[in-house]
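> run-v6.pdb is reproduced in full below (PDB, C-alpha atoms).
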ATOM      1  CA  MET A   1      11.784  -2.940 -11.489
ATOM      2  CA  LYS A   2      11.014  -6.025  -9.389
ATOM      3  CA  LEU A   3       8.321  -6.512  -6.767
ATOM      4  CA  TYR A   4       8.822  -9.344  -4.300
ATOM      5  CA  HIS A   5       5.358 -10.306  -3.117
ATOM      6  CA  HIS A   6       2.905 -12.999  -2.189
ATOM      7  CA  PRO A   7      -0.398 -13.085  -4.097
ATOM      8  CA  ILE A   8      -2.676 -13.275  -1.049
ATOM      9  CA  SER A   9      -0.764 -10.821   1.115
ATOM     10  CA  GLY A  10      -2.780  -7.640   1.552
ATOM     11  CA  HIS A  11       0.401  -5.618   1.957
ATOM     12  CA  SER A  12       1.678  -7.045  -1.321
ATOM     13  CA  HIS A  13      -1.595  -6.290  -3.061
ATOM     14  CA  ARG A  14      -1.427  -2.678  -1.841
ATOM     15  CA  ALA A  15       1.912  -2.199  -3.636
ATOM     16  CA  ARG A  16       0.906  -4.154  -6.731
ATOM     17  CA  LEU A  17      -2.370  -2.242  -6.998
ATOM     18  CA  PHE A  18      -0.722   1.159  -6.914
ATOM     19  CA  ALA A  19       1.905   0.168  -9.450
ATOM     20  CA  SER A  20      -0.891  -0.955 -11.755
ATOM     21  CA  LEU A  21      -2.881   2.249 -11.206
ATOM     22  CA  LEU A  22       0.233   4.160 -12.293
ATOM     23  CA  GLY A  23       0.543   2.041 -15.423
ATOM     24  CA  LEU A  24       3.695   0.355 -14.160
ATOM     25  CA  ALA A  25       4.370  -3.337 -14.645
ATOM     26  CA  PRO A  26       7.128  -4.466 -12.283
ATOM     27  CA  GLU A  27       8.417  -8.002 -12.589
ATOM     28  CA  LEU A  28       6.531  -9.964  -9.946
ATOM     29  CA  ILE A  29       8.664 -12.349  -7.919
ATOM     30  CA  GLU A  30       6.607 -14.572  -5.633
ATOM     31  CA  VAL A  31       8.109 -15.239  -2.212
ATOM     32  CA  ASP A  32       7.124 -18.624  -0.789
ATOM     33  CA  LEU A  33       5.884 -17.765   2.674
ATOM     34  CA  LYS A  34       4.774 -21.301   3.411
ATOM     35  CA  THR A  35       8.333 -22.618   3.227
ATOM     36  CA  GLY A  36       9.745 -19.579   5.023
ATOM     37  CA  GLU A  37      11.590 -18.115   2.049
ATOM     38  CA  HIS A  38      11.021 -14.641   3.521
ATOM     39  CA  LYS A  39      13.166 -15.620   6.533
ATOM     40  CA  GLN A  40      16.125 -16.879   4.499
ATOM     41  CA  PRO A  41      19.364 -14.878   4.121
ATOM     42  CA  ALA A  42      18.767 -13.928   0.475
ATOM     43  CA  PHE A  43      15.454 -12.258   1.244
ATOM     44  CA  LEU A  44      16.594 -10.841   4.596
ATOM     45  CA  ALA A  45      19.341  -9.037   2.684
ATOM     46  CA  LEU A  46      16.547  -7.097   0.979
ATOM     47  CA  ASN A  47      14.356  -6.665   4.056
ATOM     48  CA  PRO A  48      15.812  -7.569   7.468
ATOM     49  CA  PHE A  49      12.255  -7.581   8.865
ATOM     50  CA  GLY A  50      11.480 -10.604   6.681
ATOM     51  CA  GLN A  51       8.238  -9.244   5.258
ATOM     52  CA  VAL A  52       6.757  -8.773   1.811
ATOM     53  CA  PRO A  53       6.485  -6.681  -0.275
ATOM     54  CA  VAL A  54       9.876  -5.374  -1.315
ATOM     55  CA  LEU A  55      10.435  -3.222  -4.398
ATOM     56  CA  VAL A  56      13.808  -3.240  -6.151
ATOM     57  CA  ASP A  57      14.075  -0.449  -8.690
ATOM     58  CA  ASP A  58      16.134  -0.663 -11.860
ATOM     59  CA  ASP A  59      18.866   1.488 -10.302
ATOM     60  CA  GLY A  60      19.185  -0.910  -7.357
ATOM     61  CA  THR A  61      17.152   1.142  -4.890
ATOM     62  CA  VAL A  62      15.446  -1.214  -2.420
ATOM     63  CA  ILE A  63      12.185  -0.139  -0.791
ATOM     64  CA  ALA A  64      10.647  -2.377   1.874
ATOM     65  CA  ASP A  65       7.188  -1.826   3.432
ATOM     66  CA  SER A  66       4.029  -1.408   1.398
ATOM     67  CA  ASN A  67       3.295   2.169   2.478
ATOM     68  CA  ALA A  68       6.885   3.212   1.764
ATOM     69  CA  ILE A  69       6.500   1.699  -1.702
ATOM     70  CA  LEU A  70       3.381   3.803  -2.302
ATOM     71  CA  VAL A  71       5.269   6.968  -1.354
ATOM     72  CA  TYR A  72       8.298   5.993  -3.422
ATOM     73  CA  LEU A  73       6.335   5.263  -6.579
ATOM     74  CA  ALA A  74       4.269   8.436  -6.294
ATOM     75  CA  ARG A  75       7.411  10.540  -5.824
ATOM     76  CA  LYS A  76       9.405   8.724  -8.498
ATOM     77  CA  THR A  77       6.693   9.259 -11.092
ATOM     78  CA  GLY A  78       5.978  12.838 -10.034
ATOM     79  CA  ARG A  79       2.326  12.058  -9.373
ATOM     80  CA  THR A  80       1.349  14.828  -6.984
ATOM     81  CA  ASP A  81      -2.291  13.930  -7.571
ATOM     82  CA  TRP A  82      -1.639  10.679  -5.694
ATOM     83  CA  LEU A  83       0.658  12.259  -3.077
ATOM     84  CA  PRO A  84       0.068  15.994  -2.515
ATOM     85  CA  GLU A  85       3.034  18.270  -1.958
ATOM     86  CA  ASP A  86       1.270  20.909   0.125
ATOM     87  CA  ALA A  87       1.683  20.585   3.873
ATOM     88  CA  ALA A  88      -1.959  19.953   4.711
ATOM     89  CA  GLY A  89      -2.484  17.446   1.904
ATOM     90  CA  ALA A  90       0.708  15.534   2.676
ATOM     91  CA  ALA A  91      -0.200  15.417   6.369
ATOM     92  CA  SER A  92      -3.706  14.140   5.593
ATOM     93  CA  VAL A  93      -2.270  11.350   3.468
ATOM     94  CA  GLN A  94       0.238  10.473   6.189
ATOM     95  CA  ARG A  95      -2.561  10.237   8.716
ATOM     96  CA  TRP A  96      -4.264   7.533   6.663
ATOM     97  CA  LEU A  97      -0.994   5.716   6.019
ATOM     98  CA  SER A  98      -0.652   5.551   9.801
ATOM     99  CA  VAL A  99      -4.213   4.208  10.044
ATOM    100  CA  ALA A 100      -3.308   1.538   7.488
ATOM    101  CA  ALA A 101      -0.231   0.557   9.509
ATOM    102  CA  GLY A 102      -2.129   0.629  12.812
ATOM    103  CA  ASP A 103      -5.910   0.308  12.936
ATOM    104  CA  VAL A 104      -6.158  -1.641   9.675
ATOM    105  CA  ALA A 105      -3.247  -3.942  10.536
ATOM    106  CA  PHE A 106      -4.593  -4.736  14.004
ATOM    107  CA  GLY A 107      -8.244  -4.904  12.921
ATOM    108  CA  PRO A 108      -9.373  -6.352   9.574
ATOM    109  CA  ALA A 109      -5.885  -7.483   8.578
ATOM    110  CA  ALA A 110      -5.390  -9.346  11.853
ATOM    111  CA  ALA A 111      -8.843 -10.926  11.597
ATOM    112  CA  ARG A 112      -7.954 -12.171   8.126
ATOM    113  CA  LEU A 113      -4.630 -13.502   9.379
ATOM    114  CA  VAL A 114      -6.551 -15.742  11.782
ATOM    115  CA  THR A 115      -8.605 -17.427   9.078
ATOM    116  CA  ILE A 116      -6.140 -17.380   6.175
ATOM    117  CA  PHE A 117      -2.756 -17.703   7.873
ATOM    118  CA  GLY A 118      -3.687 -19.350  11.178
ATOM    119  CA  ALA A 119      -2.371 -16.441  13.264
ATOM    120  CA  LYS A 120      -2.842 -16.758  17.021
ATOM    121  CA  TYR A 121      -4.921 -13.638  17.607
ATOM    122  CA  ASN A 122      -8.119 -13.549  19.632
ATOM    123  CA  PRO A 123     -10.759 -13.503  16.864
ATOM    124  CA  ASP A 124     -13.379 -11.630  18.899
ATOM    125  CA  GLU A 125     -10.879  -8.945  19.822
ATOM    126  CA  VAL A 126      -9.559  -8.282  16.324
ATOM    127  CA  ILE A 127     -13.043  -8.418  14.768
ATOM    128  CA  ALA A 128     -14.205  -5.841  17.313
ATOM    129  CA  ARG A 129     -11.246  -3.632  16.398
ATOM    130  CA  ALA A 130     -12.156  -3.999  12.737
ATOM    131  CA  HIS A 131     -15.678  -2.742  13.369
ATOM    132  CA  VAL A 132     -14.353   0.278  15.280
ATOM    133  CA  LEU A 133     -12.197   1.105  12.263
ATOM    134  CA  LEU A 134     -15.043   0.558   9.811
ATOM    135  CA  ALA A 135     -17.332   2.851  11.768
ATOM    136  CA  ARG A 136     -14.668   5.551  11.649
ATOM    137  CA  LEU A 137     -14.176   5.042   7.923
ATOM    138  CA  GLU A 138     -17.927   5.267   7.385
ATOM    139  CA  ALA A 139     -17.967   8.597   9.226
ATOM    140  CA  ALA A 140     -14.913   9.875   7.330
ATOM    141  CA  LEU A 141     -16.585   9.118   3.987
ATOM    142  CA  ALA A 142     -19.823  10.943   4.791
ATOM    143  CA  GLY A 143     -20.378  13.484   2.042
ATOM    144  CA  ARG A 144     -17.214  12.622   0.121
ATOM    145  CA  ASP A 145     -15.920  10.003  -2.313
ATOM    146  CA  TRP A 146     -12.280   9.851  -1.192
ATOM    147  CA  LEU A 147     -10.480  10.099   2.120
ATOM    148  CA  VAL A 148      -8.239  13.112   1.480
ATOM    149  CA  ALA A 149      -9.068  14.968  -1.743
ATOM    150  CA  ASP A 150     -11.687  15.149  -4.472
ATOM    151  CA  HIS A 151      -9.764  12.405  -6.277
ATOM    152  CA  PRO A 152      -8.007   9.226  -5.118
ATOM    153  CA  THR A 153      -4.648   9.401  -3.351
ATOM    154  CA  ILE A 154      -2.330   6.802  -1.915
ATOM    155  CA  ALA A 155      -4.340   7.139   1.300
ATOM    156  CA  ASP A 156      -7.236   5.388  -0.417
ATOM    157  CA  VAL A 157      -4.954   2.715  -1.878
ATOM    158  CA  ALA A 158      -3.412   2.038   1.546
ATOM    159  CA  ILE A 159      -6.821   1.440   3.096
ATOM    160  CA  TYR A 160      -8.352  -0.622   0.279
ATOM    161  CA  SER A 161      -6.886  -4.133   0.260
ATOM    162  CA  TYR A 162      -7.557  -5.346   3.789
ATOM    163  CA  VAL A 163     -10.898  -3.576   4.071
ATOM    164  CA  ALA A 164     -12.041  -5.141   0.795
ATOM    165  CA  ARG A 165     -11.082  -8.582   2.084
ATOM    166  CA  ALA A 166     -12.361  -8.034   5.627
ATOM    167  CA  PRO A 167     -15.167 -10.622   5.165
ATOM    168  CA  GLU A 168     -12.472 -13.299   4.840
ATOM    169  CA  GLY A 169     -11.717 -12.570   8.485
ATOM    170  CA  ASN A 170     -15.413 -12.836   9.443
ATOM    171  CA  VAL A 171     -15.802  -9.054   9.453
ATOM    172  CA  ASP A 172     -19.173  -8.192   7.898
ATOM    173  CA  LEU A 173     -19.291  -5.023   5.776
ATOM    174  CA  ALA A 174     -23.080  -4.945   5.495
ATOM    175  CA  ALA A 175     -23.510  -2.116   8.010
ATOM    176  CA  TYR A 176     -21.125   0.204   6.151
ATOM    177  CA  PRO A 177     -22.677   1.314   2.831
ATOM    178  CA  LEU A 178     -20.315   4.249   2.354
ATOM    179  CA  VAL A 179     -17.303   1.999   2.845
ATOM    180  CA  ARG A 180     -18.694  -0.487   0.335
ATOM    181  CA  SER A 181     -19.260   2.306  -2.194
ATOM    182  CA  PHE A 182     -15.711   3.507  -1.593
ATOM    183  CA  LEU A 183     -14.373   0.023  -2.352
ATOM    184  CA  ARG A 184     -16.354  -0.057  -5.596
ATOM    185  CA  ARG A 185     -14.907   3.305  -6.628
ATOM    186  CA  ILE A 186     -11.384   1.957  -6.156
ATOM    187  CA  GLU A 187     -12.302  -1.113  -8.194
ATOM    188  CA  ALA A 188     -13.607   1.091 -11.023
ATOM    189  CA  LEU A 189     -10.333   3.013 -11.399
ATOM    190  CA  PRO A 190      -8.422   2.489 -14.664
ATOM    191  CA  GLY A 191      -5.628   0.046 -14.024
ATOM    192  CA  PHE A 192      -7.244  -1.605 -11.013
ATOM    193  CA  THR A 193      -5.851  -5.074 -10.414
ATOM    194  CA  PRO A 194      -7.804  -7.531  -8.268
ATOM    195  CA  PHE A 195      -6.659  -9.395  -5.209
ATOM    196  CA  ALA A 196      -5.731 -13.040  -5.785
ATOM    197  CA  GLU A 197      -8.069 -15.714  -4.534
ATOM    198  CA  THR A 198      -7.117 -16.862  -1.066
ATOM    199  CA  ALA A 199      -5.999 -20.202   0.198
ATOM    200  CA  VAL A 200      -5.540 -21.515   3.717
ATOM    201  CA  GLY A 201      -2.529 -23.121   5.291
ATOM    202  CA  LEU A 202       0.131 -20.418   5.280
ATOM    203  CA  SER A 203       1.819 -19.962   8.608
ATOM    204  CA  ALA A 204       3.664 -16.642   8.294
ATOM    205  CA  ALA A 205       2.396 -13.142   8.896
ATOM    206  CA  THR A 206       2.946 -10.725   6.042
TER
END
If you convert what's in this file into structure tokens, what do you get?

Amino acid sequence: MKLYHHPISGHSHRARLFASLLGLAPELIEVDLKTGEHKQPAFLALNPFGQVPVLVDDDGTVIADSNAILVYLARKTGRTDWLPEDAAGAASVQRWLSVAAGDVAFGPAAARLVTIFGAKYNPDEVIARAHVLLARLEAALAGRDWLVADHPTIADVAIYSYVARAPEGNVDLAAYPLVRSFLRRIEALPGFTPFAETAVGLSAAT
């Protein structure tokens, strides 16, 4: 199993984190975003959208998109604790995967893209979006430890990476104690793998 990634991509970390939580150790293949390797024919053959991460399983199955990788790994390993099979549980997880692809991507992730990758977003606008999301997360976590069940699911993994690194995009987490506690619970899980230290100067969105 191979995971094409970049160490400071939040989407890449999401996939790498879940693999580690499952006790999996895919071969990590770093894609050089700075030189545009993700836009070259060899990588585009794996993911025509030119984005990391991409998982290539031992049988040749190719899964692009971080949330799709979470679903794939949970299903492949039969881990219904991470991805419920009942209709209500599966729908609740899907809701948060959609939040990760929408509100998180256009809030804290976009704010971080400004400072780390030099993306041309309006900082005030994306920071404001991030705080709307964080307020909703704070409300969702009232009286509970996890977003969907009484144990972690891929919904929690999908939300973690960019929220944890929101301060790198000048998004302050101080006003959200429940969110901060939630992040610490993720970090205390067996198999947790930390995000790489960031560096500036990359020019490609991930």
> I need the output of the PyMOL selection byres ((chain A and resi 85-100) around 9) for this file as a list in words; which residues are they?
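This file gives the following for the PyMOL selection byres ((chain A and resi 85-100) around 9): Asn67, Thr80, Asp81, Leu83, Pro84, Ala101, Gly102, Asp103, Val104, Ala105, Leu133, Leu147, Val148, Ala149, Thr153, Ile154, Ala155, Asp156, Ala158, Ile159 and Tyr162 of chain A.
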> Take the residues that were just selected and, keeping C-alpha atoms, output them as a CSV table (one decimal), keeping the file's coordinate frame.

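out.csv, written as the output of this step:
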chain,number,residue,atom,x,y,z
A,67,ASN,CA,3.3,2.2,2.5
A,80,THR,CA,1.3,14.8,-7.0
A,81,ASP,CA,-2.3,13.9,-7.6
A,83,LEU,CA,0.7,12.3,-3.1
A,84,PRO,CA,0.1,16.0,-2.5
A,101,ALA,CA,-0.2,0.6,9.5
A,102,GLY,CA,-2.1,0.6,12.8
A,103,ASP,CA,-5.9,0.3,12.9
A,104,VAL,CA,-6.2,-1.6,9.7
A,105,ALA,CA,-3.2,-3.9,10.5
A,133,LEU,CA,-12.2,1.1,12.3
A,147,LEU,CA,-10.5,10.1,2.1
A,148,VAL,CA,-8.2,13.1,1.5
A,149,ALA,CA,-9.1,15.0,-1.7
A,153,THR,CA,-4.6,9.4,-3.4
A,154,ILE,CA,-2.3,6.8,-1.9
A,155,ALA,CA,-4.3,7.1,1.3
A,156,ASP,CA,-7.2,5.4,-0.4
A,158,ALA,CA,-3.4,2.0,1.5
A,159,ILE,CA,-6.8,1.4,3.1
A,162,TYR,CA,-7.6,-5.3,3.8
> Would you translate the PyMOL selection byres ((chain A and resi 23) around 12) into the concrete set of residues it matches in this file, as a ChimeraX atom specification?
/A:16-22,24-26,73-74,77,79,189-193
> Could you tell me, as a list of chain:residue names, exactly which residues end up selected when the PyMOL selection byres ((chain A and resi 142) around 12) is applied to this structure?
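Evaluating the PyMOL selection byres ((chain A and resi 142) around 12) on this file yields A:Ala135, A:Arg136, A:Leu137, A:Glu138, A:Ala139, A:Ala140, A:Leu141, A:Gly143, A:Arg144, A:Asp145, A:Trp146, A:Leu147, A:Tyr176, A:Pro177, A:Leu178, A:Val179, A:Ser181, A:Phe182.
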> Between A:Leu134, A:Ala188, A:Met1, A:Ile127, which residue has the minimum interatomic distance to Arg112 of chain A, considering only C-alpha atoms?
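Counting only C-alpha atoms, the residue closest to Arg112 of chain A is A:Ile127.
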> Let me make sure I understand: among A:Ala119, A:Asp59, A:Ser161, A:Gly50, which one has the smallest atom-to-atom distance to Ala196 of chain A if we use only C-alpha atoms?
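Ranking A:Ala119, A:Asp59, A:Ser161, A:Gly50 by distance to Ala196 of chain A, first place goes to A:Ser161.
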> Set the distance at 10 Å and use only C-alpha atoms: which residues neighbour Pro167 of chain A once local chain neighbours fewer than 6 positions away are removed? I'd like the list as JSON, numbers by chain.
{"A": [108, 111, 112, 173, 174]}
> Report as a list in words all protein, DNA and RNA residues lying within 6 Å of Arg129 of chain A, evaluated on only C-alpha atoms, omitting residues in the same chain fewer than 3 positions from it.
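The filter keeps Gly107, Val126 and Val132 of chain A.
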> Mind completing segment 115-126 of chain A with all heavy atoms? Output as a tab-separated table (two decimals), in the coordinates of the input, please?

chain	number	residue	atom	x	y	z
A	115	THR	N	-7.93	-16.43	9.91
A	115	THR	CA	-8.60	-17.43	9.08
A	115	THR	C	-7.75	-17.90	7.91
A	115	THR	O	-7.85	-19.06	7.50
A	115	THR	CB	-9.93	-16.85	8.53
A	115	THR	OG1	-9.66	-15.65	7.80
A	115	THR	CG2	-10.90	-16.55	9.66
A	116	ILE	N	-6.90	-17.02	7.36
A	116	ILE	CA	-6.14	-17.38	6.18
A	116	ILE	C	-4.76	-17.92	6.52
A	116	ILE	O	-4.27	-18.86	5.91
A	116	ILE	CB	-6.00	-16.16	5.23
A	116	ILE	CG1	-7.39	-15.61	4.84
A	116	ILE	CG2	-5.20	-16.51	3.98
A	116	ILE	CD1	-8.26	-16.62	4.13
A	117	PHE	N	-4.13	-17.34	7.53
A	117	PHE	CA	-2.76	-17.70	7.87
A	117	PHE	C	-2.64	-18.45	9.20
A	117	PHE	O	-1.54	-18.81	9.61
A	117	PHE	CB	-1.87	-16.45	7.91
A	117	PHE	CG	-1.66	-15.81	6.57
A	117	PHE	CD1	-2.53	-14.83	6.11
A	117	PHE	CD2	-0.61	-16.17	5.76
A	117	PHE	CE1	-2.35	-14.23	4.88
A	117	PHE	CE2	-0.42	-15.58	4.52
A	117	PHE	CZ	-1.29	-14.61	4.08
A	118	GLY	N	-3.74	-18.63	9.91
A	118	GLY	CA	-3.69	-19.35	11.18
A	118	GLY	C	-3.00	-18.59	12.30
A	118	GLY	O	-2.47	-19.20	13.23
A	119	ALA	N	-3.02	-17.26	12.23
A	119	ALA	CA	-2.37	-16.44	13.26
A	119	ALA	C	-3.07	-16.63	14.61
A	119	ALA	O	-4.28	-16.87	14.67
A	119	ALA	CB	-2.39	-14.97	12.86
A	120	LYS	N	-2.33	-16.48	15.67
A	120	LYS	CA	-2.84	-16.76	17.02
A	120	LYS	C	-3.38	-15.50	17.71
A	120	LYS	O	-3.03	-15.19	18.84
A	120	LYS	CB	-1.74	-17.39	17.87
A	120	LYS	CG	-1.13	-18.64	17.27
A	120	LYS	CD	-2.18	-19.73	17.01
A	120	LYS	CE	-1.53	-21.00	16.46
A	120	LYS	NZ	-2.53	-22.03	16.13
A	121	TYR	N	-4.23	-14.77	17.00
A	121	TYR	CA	-4.92	-13.64	17.61
A	121	TYR	C	-6.25	-14.10	18.20
A	121	TYR	O	-6.79	-15.15	17.81
A	121	TYR	CB	-5.21	-12.55	16.57
A	121	TYR	CG	-3.98	-11.88	16.00
A	121	TYR	CD1	-3.66	-12.01	14.64
A	121	TYR	CD2	-3.14	-11.10	16.79
A	121	TYR	CE1	-2.55	-11.39	14.10
A	121	TYR	CE2	-2.02	-10.48	16.25
A	121	TYR	CZ	-1.73	-10.62	14.90
A	121	TYR	OH	-0.63	-10.01	14.38
A	122	ASN	N	-6.77	-13.31	19.12
A	122	ASN	CA	-8.12	-13.55	19.63
A	122	ASN	C	-9.11	-13.05	18.59
A	122	ASN	O	-9.20	-11.84	18.36
A	122	ASN	CB	-8.30	-12.79	20.95
A	122	ASN	CG	-9.67	-13.02	21.56
A	122	ASN	OD1	-10.68	-12.99	20.88
A	122	ASN	ND2	-9.71	-13.23	22.87
A	123	PRO	N	-9.87	-13.93	17.95
A	123	PRO	CA	-10.76	-13.50	16.86
A	123	PRO	C	-11.76	-12.44	17.29
A	123	PRO	O	-11.99	-11.47	16.55
A	123	PRO	CB	-11.45	-14.81	16.44
A	123	PRO	CG	-10.53	-15.89	16.86
A	123	PRO	CD	-9.89	-15.40	18.12
A	124	ASP	N	-12.39	-12.61	18.46
A	124	ASP	CA	-13.38	-11.63	18.90
A	124	ASP	C	-12.75	-10.24	19.07
A	124	ASP	O	-13.36	-9.23	18.72
A	124	ASP	CB	-14.02	-12.08	20.22
A	124	ASP	CG	-14.87	-13.33	20.06
A	124	ASP	OD1	-15.32	-13.59	18.93
A	124	ASP	OD2	-15.08	-14.04	21.06
A	125	GLU	N	-11.55	-10.22	19.58
A	125	GLU	CA	-10.88	-8.94	19.82
A	125	GLU	C	-10.54	-8.23	18.52
A	125	GLU	O	-10.81	-7.03	18.36
A	125	GLU	CB	-9.61	-9.18	20.64
A	125	GLU	CG	-8.84	-7.91	20.97
A	125	GLU	CD	-7.61	-8.19	21.81
A	125	GLU	OE1	-7.61	-9.19	22.56
A	125	GLU	OE2	-6.64	-7.41	21.70
A	126	VAL	N	-9.97	-8.95	17.57
A	126	VAL	CA	-9.56	-8.28	16.32
A	126	VAL	C	-10.76	-7.94	15.45
A	126	VAL	O	-10.76	-6.92	14.75
A	126	VAL	CB	-8.51	-9.11	15.55
A	126	VAL	CG1	-7.21	-9.18	16.35
A	126	VAL	CG2	-9.01	-10.50	15.21
